[in-house]
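Asks: Structure: start.txt, compact mmCIF, C-alpha atoms.
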```
# COMPACT_ATOMS: atom_id res chain seq x y z
CA MET L 1 151.33 2.18 71.27
CA ILE L 2 153.84 0.56 68.89
CA ARG L 3 154.68 -1.86 71.69
CA ALA L 4 151.02 -2.85 72.08
CA GLY L 5 150.63 -3.37 68.33
CA LEU L 6 153.77 -5.52 68.18
CA ALA L 7 152.59 -7.53 71.19
CA LEU L 8 149.31 -8.28 69.43
CA LEU L 9 151.08 -9.15 66.17
CA ALA L 10 153.46 -11.49 67.99
CA ARG L 11 150.58 -13.15 69.86
CA ASP L 12 148.57 -13.77 66.69
CA LEU L 13 151.58 -15.20 64.87
CA ARG L 14 152.30 -17.46 67.84
CA LEU L 15 148.67 -18.61 67.97
CA ALA L 16 148.67 -19.32 64.22
CA ALA L 17 151.76 -21.47 64.66
CA ARG L 18 150.44 -23.27 67.73
CA VAL L 19 146.87 -24.50 67.25
CA GLY L 20 147.52 -26.17 63.92
CA GLY L 21 147.13 -22.60 62.64
CA SER L 22 144.71 -21.62 59.92
CA GLY L 23 147.73 -20.49 57.88
CA THR L 24 148.90 -24.00 57.02
CA LEU L 25 145.30 -25.06 56.51
CA SER L 26 144.59 -22.36 53.92
CA LEU L 27 147.81 -23.32 52.11
CA VAL L 28 146.67 -26.94 51.92
CA PHE L 29 143.21 -25.80 50.76
CA PHE L 30 144.90 -23.70 48.06
CA LEU L 31 146.85 -26.75 46.90
CA MET L 32 143.66 -28.86 46.89
CA ILE L 33 141.72 -26.52 44.58
CA VAL L 34 144.67 -26.04 42.22
CA ALA L 35 145.22 -29.80 42.09
CA LEU L 36 141.54 -30.50 41.35
CA VAL L 37 141.38 -28.25 38.28
CA PRO L 38 143.53 -30.42 35.94
CA PHE L 39 141.36 -33.41 36.86
CA ALA L 40 138.24 -31.48 35.92
CA LEU L 41 139.57 -29.96 32.68
CA GLY L 42 141.66 -32.85 31.40
CA PRO L 43 145.34 -32.88 30.44
CA ASP L 44 145.17 -30.05 27.89
CA LEU L 45 148.42 -28.20 28.73
CA ASN L 46 147.72 -25.23 26.43
CA LEU L 47 144.32 -24.62 28.00
CA LEU L 48 145.74 -25.07 31.52
CA SER L 49 148.62 -22.67 31.04
CA ARG L 50 146.27 -20.10 29.49
CA ILE L 51 143.83 -20.12 32.43
CA GLY L 52 146.51 -20.99 35.04
CA PRO L 53 146.86 -17.51 36.59
CA ALA L 54 143.08 -17.25 36.87
CA ILE L 55 142.91 -20.61 38.65
CA LEU L 56 145.66 -19.63 41.08
CA TRP L 57 143.96 -16.32 41.83
CA LEU L 58 140.53 -17.87 42.28
CA SER L 59 142.02 -20.49 44.62
CA ALA L 60 143.82 -17.77 46.55
CA VAL L 61 140.57 -15.82 47.03
CA LEU L 62 138.82 -18.91 48.37
CA ALA L 63 141.78 -19.96 50.53
CA THR L 64 141.85 -16.49 52.14
CA LEU L 65 138.35 -17.17 53.48
CA ILE L 66 139.68 -20.09 55.55
CA GLY L 67 140.18 -18.89 59.08
CA LEU L 68 138.89 -15.42 58.28
CA ASP L 69 135.66 -16.00 60.22
CA ARG L 70 137.70 -16.56 63.40
CA LEU L 71 139.77 -13.39 62.94
CA PHE L 72 137.75 -11.38 65.46
CA GLN L 73 135.21 -13.99 66.56
CA ALA L 74 137.73 -15.96 68.60
CA ASP L 75 138.73 -12.80 70.48
CA GLU L 76 135.09 -11.76 70.92
CA GLU L 77 134.15 -15.15 72.41
CA ASP L 78 136.91 -15.45 74.99
CA GLY L 79 136.85 -11.78 76.04
CA SER L 80 140.21 -10.82 74.51
CA LEU L 81 138.40 -8.07 72.60
CA ASP L 82 137.37 -6.47 75.91
CA LEU L 83 141.04 -6.52 76.83
CA MET L 84 141.99 -4.84 73.55
CA THR L 85 139.32 -2.14 74.00
CA GLY L 86 141.23 -1.08 77.10
CA ALA L 87 144.60 -0.93 75.34
CA PRO L 88 146.11 2.52 74.84
CA VAL L 89 145.77 1.98 71.08
CA PRO L 90 142.78 2.98 68.96
CA LEU L 91 140.76 0.04 67.70
CA GLU L 92 142.02 0.85 64.19
CA GLY L 93 145.54 -0.03 65.37
CA ILE L 94 144.27 -3.32 66.80
CA VAL L 95 142.58 -4.15 63.47
CA LEU L 96 145.73 -3.23 61.57
CA ALA L 97 147.91 -5.53 63.71
CA LYS L 98 145.46 -8.43 63.44
CA VAL L 99 145.03 -8.07 59.65
CA LEU L 100 148.80 -7.88 59.23
CA ALA L 101 149.15 -11.11 61.22
CA HIS L 102 146.41 -12.70 59.09
CA TRP L 103 148.18 -11.70 55.87
CA LEU L 104 151.58 -12.91 57.10
CA THR L 105 150.09 -16.33 57.87
CA THR L 106 147.73 -16.60 54.88
CA GLY L 107 148.35 -14.24 51.95
CA LEU L 108 152.14 -14.20 52.01
CA PRO L 109 152.54 -18.02 52.15
CA LEU L 110 150.05 -18.30 49.27
CA ALA L 111 152.07 -15.85 47.17
CA LEU L 112 155.35 -17.60 48.02
CA ALA L 113 153.95 -21.06 47.24
CA SER L 114 152.20 -20.04 44.01
CA PRO L 115 155.20 -20.66 41.68
CA LEU L 116 155.38 -24.23 42.97
CA PHE L 117 151.64 -24.75 42.55
CA GLY L 118 151.91 -23.12 39.10
CA LEU L 119 153.62 -26.35 37.98
CA LEU L 120 150.30 -28.15 38.39
CA VAL L 121 148.65 -25.87 35.84
CA ALA L 122 151.59 -25.84 33.42
CA LEU L 123 152.68 -22.24 33.89
CA ASP L 124 155.96 -21.08 32.34
CA GLY L 125 158.58 -19.09 34.27
CA THR L 126 157.27 -15.61 33.38
CA ALA L 127 153.69 -16.50 34.27
CA MET L 128 154.83 -18.02 37.59
CA ALA L 129 156.77 -14.91 38.53
CA SER L 130 154.01 -12.53 37.50
CA THR L 131 151.33 -14.54 39.33
CA ALA L 132 153.45 -14.63 42.49
CA LEU L 133 154.06 -10.87 42.25
CA THR L 134 150.38 -10.03 41.71
CA LEU L 135 149.38 -12.33 44.58
CA ALA L 136 151.92 -10.67 46.88
CA LEU L 137 150.53 -7.24 45.98
CA GLY L 138 146.86 -8.23 45.89
CA THR L 139 146.35 -10.59 48.84
CA PRO L 140 146.64 -7.76 51.44
CA ALA L 141 143.51 -6.29 49.83
CA LEU L 142 141.74 -9.63 50.31
CA SER L 143 142.73 -9.69 54.00
CA PHE L 144 141.57 -6.11 54.60
CA ILE L 145 138.24 -6.60 52.79
CA GLY L 146 137.76 -9.87 54.65
CA ALA L 147 138.44 -8.12 57.97
CA VAL L 148 135.36 -5.93 57.47
CA GLY L 149 133.19 -9.01 57.04
CA ALA L 150 134.92 -10.73 59.96
CA ALA L 151 134.24 -7.72 62.20
CA LEU L 152 130.59 -7.58 61.15
CA THR L 153 130.07 -11.29 61.85
CA ALA L 154 132.24 -11.40 65.01
CA SER L 155 129.29 -11.86 67.36
CA ILE L 156 127.34 -14.24 65.12
CA ARG L 157 127.79 -17.94 65.80
CA ARG L 158 128.63 -19.89 62.66
CA GLY L 159 128.99 -16.66 60.73
CA GLY L 160 131.46 -18.21 58.27
CA LEU L 161 129.00 -18.62 55.41
CA ILE L 162 127.49 -15.15 55.88
CA LEU L 163 131.04 -13.83 55.86
CA ALA L 164 131.77 -15.47 52.49
CA VAL L 165 128.54 -14.11 50.99
CA LEU L 166 129.36 -10.64 52.34
CA VAL L 167 132.98 -10.31 51.25
CA LEU L 168 133.29 -12.32 48.02
CA PRO L 169 131.46 -9.70 45.90
CA LEU L 170 133.74 -7.01 47.35
CA MET L 171 136.79 -9.02 46.29
CA ILE L 172 135.77 -9.02 42.59
CA PRO L 173 137.76 -5.88 41.58
CA THR L 174 140.92 -7.29 43.18
CA LEU L 175 140.36 -10.60 41.37
CA ILE L 176 139.81 -8.89 37.99
CA PHE L 177 142.94 -6.76 38.16
CA GLY L 178 145.04 -9.48 39.77
CA VAL L 179 144.29 -11.93 36.98
CA SER L 180 144.59 -9.34 34.20
CA ALA L 181 147.98 -8.22 35.52
CA ALA L 182 149.21 -11.81 35.73
CA GLN L 183 148.03 -12.49 32.17
CA ALA L 184 149.34 -9.20 30.77
CA ALA L 185 152.87 -10.33 31.67
CA THR L 186 152.70 -13.26 29.24
CA GLY L 187 151.46 -11.24 26.30
CA GLY L 188 148.29 -9.40 25.45
CA THR L 189 147.29 -5.93 24.46
CA VAL L 190 147.67 -4.21 27.85
CA PRO L 191 151.13 -3.37 29.24
CA PHE L 192 151.90 -5.26 32.48
CA LEU L 193 152.28 -2.16 34.63
CA VAL L 194 148.77 -0.75 34.09
CA PRO L 195 146.70 -3.47 35.79
CA LEU L 196 149.51 -3.89 38.35
CA ALA L 197 149.24 -0.21 39.33
CA VAL L 198 145.45 -0.51 39.63
CA LEU L 199 145.88 -3.64 41.76
CA THR L 200 148.30 -1.83 44.08
CA GLY L 201 145.88 1.08 44.29
CA LEU L 202 143.05 -1.28 45.24
CA THR L 203 145.23 -2.73 48.02
CA LEU L 204 145.99 0.73 49.40
CA ILE L 205 142.32 1.73 49.31
CA ALA L 206 141.30 -1.53 50.99
CA ALA L 207 143.93 -0.95 53.70
CA VAL L 208 142.42 2.41 54.64
CA VAL L 209 138.72 1.66 54.17
CA GLY L 210 138.97 -1.87 55.59
CA THR L 211 140.76 -0.78 58.76
CA VAL L 212 138.34 2.05 59.50
CA ALA L 213 135.23 0.02 58.64
CA ALA L 214 136.28 -3.06 60.65
CA ALA L 215 137.10 -0.92 63.68
CA ALA L 216 133.72 0.81 63.42
CA ALA L 217 131.94 -2.55 63.25
CA LEU L 218 133.83 -3.81 66.32
CA ARG L 219 133.42 -0.66 68.37
CA TRP L 220 129.68 -0.88 68.97
CA PRO L 221 128.57 -4.47 68.52
CA GLU L 222 124.91 -3.53 69.11
CA MET H 223 141.22 8.96 90.11
CA ARG H 224 137.57 9.89 90.57
CA LEU H 225 134.59 8.43 88.74
CA ASP H 226 131.21 10.18 88.50
CA VAL H 227 128.32 8.42 86.84
CA ASP H 228 125.13 10.42 86.42
CA ASN H 229 121.68 9.20 85.43
CA LEU H 230 123.03 6.31 83.35
CA ALA H 231 120.57 4.28 81.28
CA CYS H 232 121.07 1.11 79.28
CA ARG H 233 119.01 -0.29 76.42
CA ARG H 234 119.84 -3.56 74.71
CA SER H 235 118.03 -4.75 71.57
CA GLY H 236 115.35 -2.11 72.20
CA ARG H 237 114.64 -3.28 75.76
CA ARG H 238 115.27 -0.91 78.65
CA ILE H 239 117.56 -2.69 81.11
CA PHE H 240 118.06 0.03 83.71
CA ALA H 241 117.82 3.79 83.98
CA GLY H 242 118.73 6.54 86.38
CA LEU H 243 121.90 5.00 87.84
CA THR H 244 123.88 7.62 89.72
CA PHE H 245 127.00 7.08 91.82
CA SER H 246 130.42 8.54 92.50
CA LEU H 247 133.61 6.85 93.58
CA GLY H 248 136.66 8.62 94.93
CA GLU H 249 140.17 7.40 95.75
CA GLY H 250 140.10 4.05 97.51
CA GLY H 251 136.37 3.68 96.92
CA ALA H 252 134.58 0.43 96.26
CA LEU H 253 131.16 -0.28 94.84
CA ALA H 254 129.32 -3.58 95.06
CA VAL H 255 126.73 -3.86 92.30
CA THR H 256 123.95 -6.22 93.27
CA GLY H 257 120.62 -7.23 91.81
CA ARG H 258 118.88 -10.36 90.63
CA ASN H 259 119.98 -12.27 87.53
CA GLY H 260 119.45 -10.26 84.37
CA ALA H 261 119.11 -6.95 86.20
CA GLY H 262 121.91 -5.43 84.16
CA LYS H 263 124.99 -5.78 86.36
CA SER H 264 127.18 -7.03 83.54
CA SER H 265 125.68 -4.44 81.17
CA LEU H 266 126.73 -1.68 83.58
CA LEU H 267 130.28 -3.02 83.62
CA ALA H 268 130.24 -3.32 79.81
CA ILE H 269 129.21 0.33 79.51
CA LEU H 270 131.99 1.41 81.89
CA SER H 271 134.58 -0.65 79.98
CA GLY H 272 133.54 0.96 76.70
CA ARG H 273 132.08 -2.16 75.08
CA LEU H 274 128.47 -0.93 75.17
CA ARG H 275 127.06 2.48 74.38
CA PRO H 276 124.94 4.03 77.16
CA ASP H 277 121.39 4.97 76.19
CA ALA H 278 121.49 8.13 78.29
CA GLY H 279 123.52 9.70 81.07
CA THR H 280 127.12 10.73 81.51
CA ILE H 281 130.29 9.12 82.81
CA ALA H 282 133.03 11.49 83.93
CA VAL H 283 136.56 10.60 85.00
CA SER H 284 138.94 13.04 86.64
CA GLY H 285 142.46 12.90 87.93
CA VAL H 286 143.92 10.62 85.25
CA GLY H 287 145.22 13.21 82.78
CA GLU H 288 144.60 12.49 79.12
CA ALA H 289 143.61 8.84 79.51
CA THR H 290 140.08 7.73 78.63
CA LEU H 291 138.04 5.55 80.99
CA PRO H 292 138.70 2.25 79.13
CA GLU H 293 142.44 2.97 79.40
CA CYS H 294 142.21 3.34 83.21
CA LEU H 295 140.58 0.06 84.04
CA HIS H 296 141.01 -3.68 84.23
CA VAL H 297 138.13 -6.00 83.40
CA VAL H 298 137.84 -9.51 84.78
CA GLY H 299 134.55 -11.02 83.76
CA HIS H 300 132.88 -14.26 82.79
CA ARG H 301 134.94 -14.33 79.64
CA ASP H 302 138.45 -14.45 80.98
CA GLY H 303 140.29 -13.07 77.94
CA LEU H 304 142.85 -15.88 77.96
CA LYS H 305 144.03 -17.83 74.93
CA SER H 306 143.90 -21.57 75.64
CA ALA H 307 146.79 -22.37 73.32
CA LEU H 308 149.20 -20.00 75.08
CA THR H 309 150.77 -20.60 78.47
CA ALA H 310 149.70 -18.61 81.52
CA GLY H 311 152.98 -16.70 81.35
CA GLU H 312 152.54 -15.85 77.66
CA ASN H 313 148.99 -14.66 78.27
CA LEU H 314 150.16 -12.37 81.06
CA THR H 315 153.17 -11.09 79.12
CA PHE H 316 150.83 -10.23 76.25
CA ALA H 317 148.44 -8.35 78.58
CA ARG H 318 151.41 -6.53 80.12
CA ASP H 319 152.70 -5.35 76.72
CA LEU H 320 149.23 -4.57 75.38
CA LEU H 321 147.91 -2.59 78.31
CA GLY H 322 151.10 -0.80 79.28
CA ALA H 323 151.99 0.58 82.74
CA PRO H 324 153.78 -2.66 83.73
CA ARG H 325 154.02 -3.58 87.40
CA LEU H 326 154.78 -7.14 88.52
CA MET H 327 156.43 -9.73 86.30
CA PRO H 328 154.03 -12.53 85.21
CA ALA H 329 155.84 -15.06 87.41
CA GLU H 330 155.50 -12.84 90.51
CA ALA H 331 151.83 -12.12 89.80
CA LEU H 332 151.07 -15.83 89.46
CA ASP H 333 152.96 -16.49 92.70
CA ARG H 334 150.75 -14.00 94.52
CA LEU H 335 147.72 -16.02 93.42
CA GLY H 336 149.37 -19.31 94.30
CA LEU H 337 149.76 -20.42 90.69
CA GLY H 338 153.52 -20.07 90.28
CA HIS H 339 153.79 -23.63 88.93
CA ALA H 340 151.40 -22.83 86.04
CA LEU H 341 153.69 -20.28 84.40
CA ASP H 342 154.67 -22.60 81.55
CA LEU H 343 151.43 -24.57 81.34
CA PRO H 344 149.02 -23.91 78.47
CA VAL H 345 145.86 -22.33 79.86
CA ALA H 346 143.85 -25.14 78.23
CA TYR H 347 145.25 -27.53 80.88
CA LEU H 348 143.98 -25.41 83.78
CA SER H 349 140.70 -25.80 85.67
CA ALA H 350 137.99 -23.11 85.68
CA GLY H 351 139.15 -21.75 89.03
CA GLN H 352 142.79 -21.72 87.95
CA ARG H 353 141.88 -19.88 84.73
CA ARG H 354 140.02 -17.30 86.79
CA ARG H 355 143.13 -16.87 88.95
CA VAL H 356 145.32 -16.34 85.86
CA ALA H 357 142.81 -13.68 84.72
CA LEU H 358 143.02 -12.08 88.19
CA ALA H 359 146.83 -12.10 87.95
CA ARG H 360 146.36 -9.67 85.06
CA LEU H 361 145.26 -7.10 87.65
CA LEU H 362 148.78 -7.25 89.07
CA VAL H 363 150.94 -7.22 85.94
CA CYS H 364 149.68 -3.76 84.90
CA ALA H 365 148.91 -0.86 87.20
CA ARG H 366 145.46 0.56 86.47
CA PRO H 367 143.41 2.58 88.95
CA LEU H 368 139.96 1.03 88.40
CA TRP H 369 139.19 -2.69 88.66
CA LEU H 370 135.92 -3.89 87.13
CA LEU H 371 135.16 -7.35 88.46
CA ASP H 372 132.16 -9.36 87.28
CA GLU H 373 131.43 -12.19 89.73
CA PRO H 374 135.14 -12.41 90.56
CA THR H 375 134.69 -15.22 93.08
CA ALA H 376 132.90 -17.55 90.66
CA ALA H 377 134.76 -20.89 90.58
CA LEU H 378 137.28 -19.70 93.22
CA ASP H 379 138.01 -21.79 96.32
CA VAL H 380 137.87 -20.25 99.79
CA ALA H 381 141.62 -19.68 100.01
CA SER H 382 141.67 -17.86 96.67
CA GLN H 383 138.69 -15.72 97.70
CA GLU H 384 140.73 -14.55 100.69
CA VAL H 385 143.70 -13.80 98.44
CA LEU H 386 141.40 -11.77 96.19
CA ALA H 387 139.99 -9.86 99.17
CA ALA H 388 143.54 -9.05 100.28
CA LEU H 389 144.49 -7.88 96.80
CA MET H 390 141.45 -5.62 96.62
CA ALA H 391 142.19 -4.15 100.04
CA GLU H 392 145.80 -3.50 99.00
CA HIS H 393 144.64 -1.89 95.75
CA ARG H 394 142.20 0.39 97.60
CA ALA H 395 144.80 1.31 100.19
CA GLY H 396 146.95 2.54 97.30
CA GLY H 397 144.13 4.80 96.09
CA GLY H 398 142.62 2.38 93.59
CA LEU H 399 138.93 1.88 92.85
CA VAL H 400 136.99 -1.38 92.72
CA ILE H 401 133.59 -1.97 91.15
CA ALA H 402 132.37 -5.52 91.54
CA ALA H 403 129.14 -7.12 90.37
CA THR H 404 128.41 -9.85 92.85
CA HIS H 405 125.86 -11.97 94.67
CA GLN H 406 127.98 -12.60 97.73
CA ALA H 407 130.08 -10.61 100.14
CA LEU H 408 133.56 -10.12 98.70
CA GLY H 409 135.23 -8.86 101.85
CA LEU H 410 135.08 -5.27 100.59
CA HIS H 411 135.09 -3.17 103.72
CA ASP H 412 132.75 -0.14 103.88
CA ALA H 413 131.92 -0.41 100.20
CA MET H 414 128.88 1.30 98.74
CA GLU H 415 126.12 -0.91 97.44
CA LEU H 416 124.39 -0.15 94.18
CA ARG H 417 121.27 -2.23 93.82
CA ILE H 418 119.82 -2.43 90.33
CA ASP H 419 116.16 -3.19 90.83
CA ARG H 420 113.71 -3.63 87.98
CA ALA H 421 110.59 -3.34 90.18
CA ALA H 422 111.68 -0.03 91.66
CA LEU H 423 112.55 1.16 88.20
CA GLU H 424 109.10 0.49 86.78
CA GLN H 425 107.01 2.21 89.44
CA ALA H 426 109.27 5.08 90.39
CA ALA H 427 110.47 8.09 88.45
CA PRO H 428 113.48 7.28 86.22
CA ALA H 429 115.88 9.14 88.49
CA ALA H 430 114.96 6.98 91.49
CA GLY H 431 115.50 3.64 89.73
CA ALA H 432 118.51 2.73 91.78
CA ASP H 433 120.13 4.12 94.83
CA ALA H 434 123.45 3.80 96.51
CA GLU H 435 123.51 2.98 100.20
CA GLU H 436 126.00 1.74 102.74
CA TRP H 437 127.03 -1.88 102.23
CA LEU H 438 126.94 -3.78 105.50
```
Please, can you express the file's structure as structure tokens?

Replies:
Amino acid sequence: MIRAGLALLARDLRLAARVGGSGTLSLVFFLMIVALVPFALGPDLNLLSRIGPAILWLSAVLATLIGLDRLFQADEEDGSLDLMTGAPVPLEGIVLAKVLAHWLTTGLPLALASPLFGLLVALDGTAMASTALTLALGTPALSFIGAVGAALTASIRRGGLILAVLVLPLMIPTLIFGVSAAQAATGGTVPFLVPLAVLTGLTLIAAVVGTVAAAAALRWPE
Amino acid sequence: MRLDVDNLACRRSGRRIFAGLTFSLGEGGALAVTGRNGAGKSSLLAILSGRLRPDAGTIAVSGVGEATLPECLHVVGHRDGLKSALTAGENLTFARDLLGAPRLMPAEALDRLGLGHALDLPVAYLSAGQRRRVALARLLVCARPLWLLDEPTAALDVASQEVLAALMAEHRAGGGLVIAATHQALGLHDAMELRIDRAALEQAAPAAGADAEEWL
């Protein structure tokens, strides 16, 4: 069972690296949005550094959507999902392995690159570190919530837009607590750890609910 | 392994596809599912592989211990389950690790199907018939008692069809089961035929919608 999960994880990572993977693409998309904001707002460094964490988080939420629509759809189309149904692993395990692969190629690179991109919105060292930490803790929630939408739209052609409409509202709590934790680190009335604990809790809840819900949506497509 | 299907019915998007399918397969048994296009051959295979919920009826498996039906079978269908970006060898290694019960190494399995040279070629470079042969090689890398084949000879040349017939005979000789949806003879000796017939279904009682008879 572990062996099957690892095989799937390794395959998805290999695929992400090979076909110009959606991982690199979402990172570039992330950079694009962050780079556009200073052009739109003008060179007001105080304003930029104040809303910087929010911009990075908003960009991360949007960048997560890149490639999410193909998470299960690609496997549904070419019959790989039929193969996985026959694996000696419950479908929940399959979902878990695929979401983990998605996060390793999307969420984790975003979190690691965020300090660098923070330079574009004039973040100081503390804000960079706190934003990177909140992204590392919060992006798994985005992947798990997105997986539910991806499973629901797996058999719909061009389901990408429906997917975004479905999952973006569900990502609001993660966005709120992610941004408030990142901002609490640089001053404010709330201690840093409170929103961070809520954010971690949201990730854990999303991991359980998302895995079960996505597997249920995949199990009986009709 | 023994498979007993009783009074199976299928409904898709509210439309009754078939009803009253009953058949049993014992060790070494083979079943050729025939019927015109759209009769529900692929739907039957989808129900057996656990991808579609039956509308009514029961499917019972015995002689495989704790394993569920989807864990006892191989599916080779229209969608070949191969990733174009990976090589034939990588695809087979993945299937071998995912499905468990490993048998032949990917290179040996491809050799059996005459595709040994394609081991390190991305599947995207292969022709339709070659892709189908890579998918068939999956039958050999893991040992599973029931093979579900949906039009397995589609896109295959004559030589490969003979190889497939030999593989199926070998599998049945070892006690394996084969269920194939097909329009043409596959070289399955003394296989049962299950004909899914819409006309018979509409006029007759539900239980008499389809019948199994000797396949000539």

Asks: Set the cut-off to 7 Å and count all atoms listed in the file: what are the residues of chain H that reach chain L? Output as an MDAnalysis selection string.

Replies: chainID H and resid 273:275 292:293 301:304 307 316 319:321

Asks: Which residues come within 10 Å of Gln406 of chain H, counting all atoms listed in the file, excluding same-chain residues fewer than 5 positions away, as a list in words?

Replies: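 Residues near the query, excluding close chain neighbours: Ala254, Thr256, Glu373, Thr375 and Ala376 of chain H.
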
Asks: Go ahead and save the picked residues with C-alpha atoms, as a PDB file, keeping the file's coordinate frame.

Replies:
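Result file is result.pdb:
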```pdb
ATOM      1  CA  ALA H 254     129.320  -3.580  95.060  1.00  0.00           C
ATOM      2  CA  THR H 256     123.950  -6.220  93.270  1.00  0.00           C
ATOM      3  CA  GLU H 373     131.430 -12.190  89.730  1.00  0.00           C
ATOM      4  CA  THR H 375     134.690 -15.220  93.080  1.00  0.00           C
ATOM      5  CA  ALA H 376     132.900 -17.550  90.660  1.00  0.00           C
TER       6      ALA H 376
END
```

Asks: Just checking: using all atoms listed in the file, which residue out of L:Leu56, L:Val212, L:Leu202, L:Ala184 ends up closest to Leu123 of chain L?

Replies: L:Leu56

Asks: May I have the residues at most 12 Å from (130.6, -22.3, 91.9) in the file's coordinates, counting all atoms listed in the file, as a compact mmCIF listing (two decimals) with C-alpha atoms, in the coordinates of the input?

Replies:
```txt
# COMPACT_ATOMS: atom_id res chain seq x y z
CA ALA H 350 137.99 -23.11 85.68
CA GLY H 351 139.15 -21.75 89.03
CA ARG H 354 140.02 -17.30 86.79
CA GLU H 373 131.43 -12.19 89.73
CA PRO H 374 135.14 -12.41 90.56
CA THR H 375 134.69 -15.22 93.08
CA ALA H 376 132.90 -17.55 90.66
CA ALA H 377 134.76 -20.89 90.58
CA LEU H 378 137.28 -19.70 93.22
CA ASP H 379 138.01 -21.79 96.32
CA VAL H 380 137.87 -20.25 99.79
CA GLN H 383 138.69 -15.72 97.70
CA HIS H 405 125.86 -11.97 94.67
CA GLN H 406 127.98 -12.60 97.73
```

Asks: If we count only C-alpha atoms, what is near Glu384 of chain H at a cut-off of 9 Å, once residues fewer than 5 positions away on the same chain are taken out, given as a list in words?

Replies: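 The residues satisfying every condition are Asp379, Leu389, Leu408 and Gly409 of chain H.
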
Asks: Could you list, as a VMD selection string, every residue within 7 Å of Ile33 of chain L, counting all atoms listed in the file and ignoring same-chain residues fewer than 4 positions away?

Replies: chain L and resid 29 37 59

Asks: Find the residues near Ile55 of chain L: any atom within 12 Å, counting all atoms listed in the file, skip ones fewer than 6 places away on the same chain, and give them as a PyMOL selection string.

Replies: chain L and resi 30-38+41+47-49+61-63+114+117-118+120-123+131+175+178-179+182-183
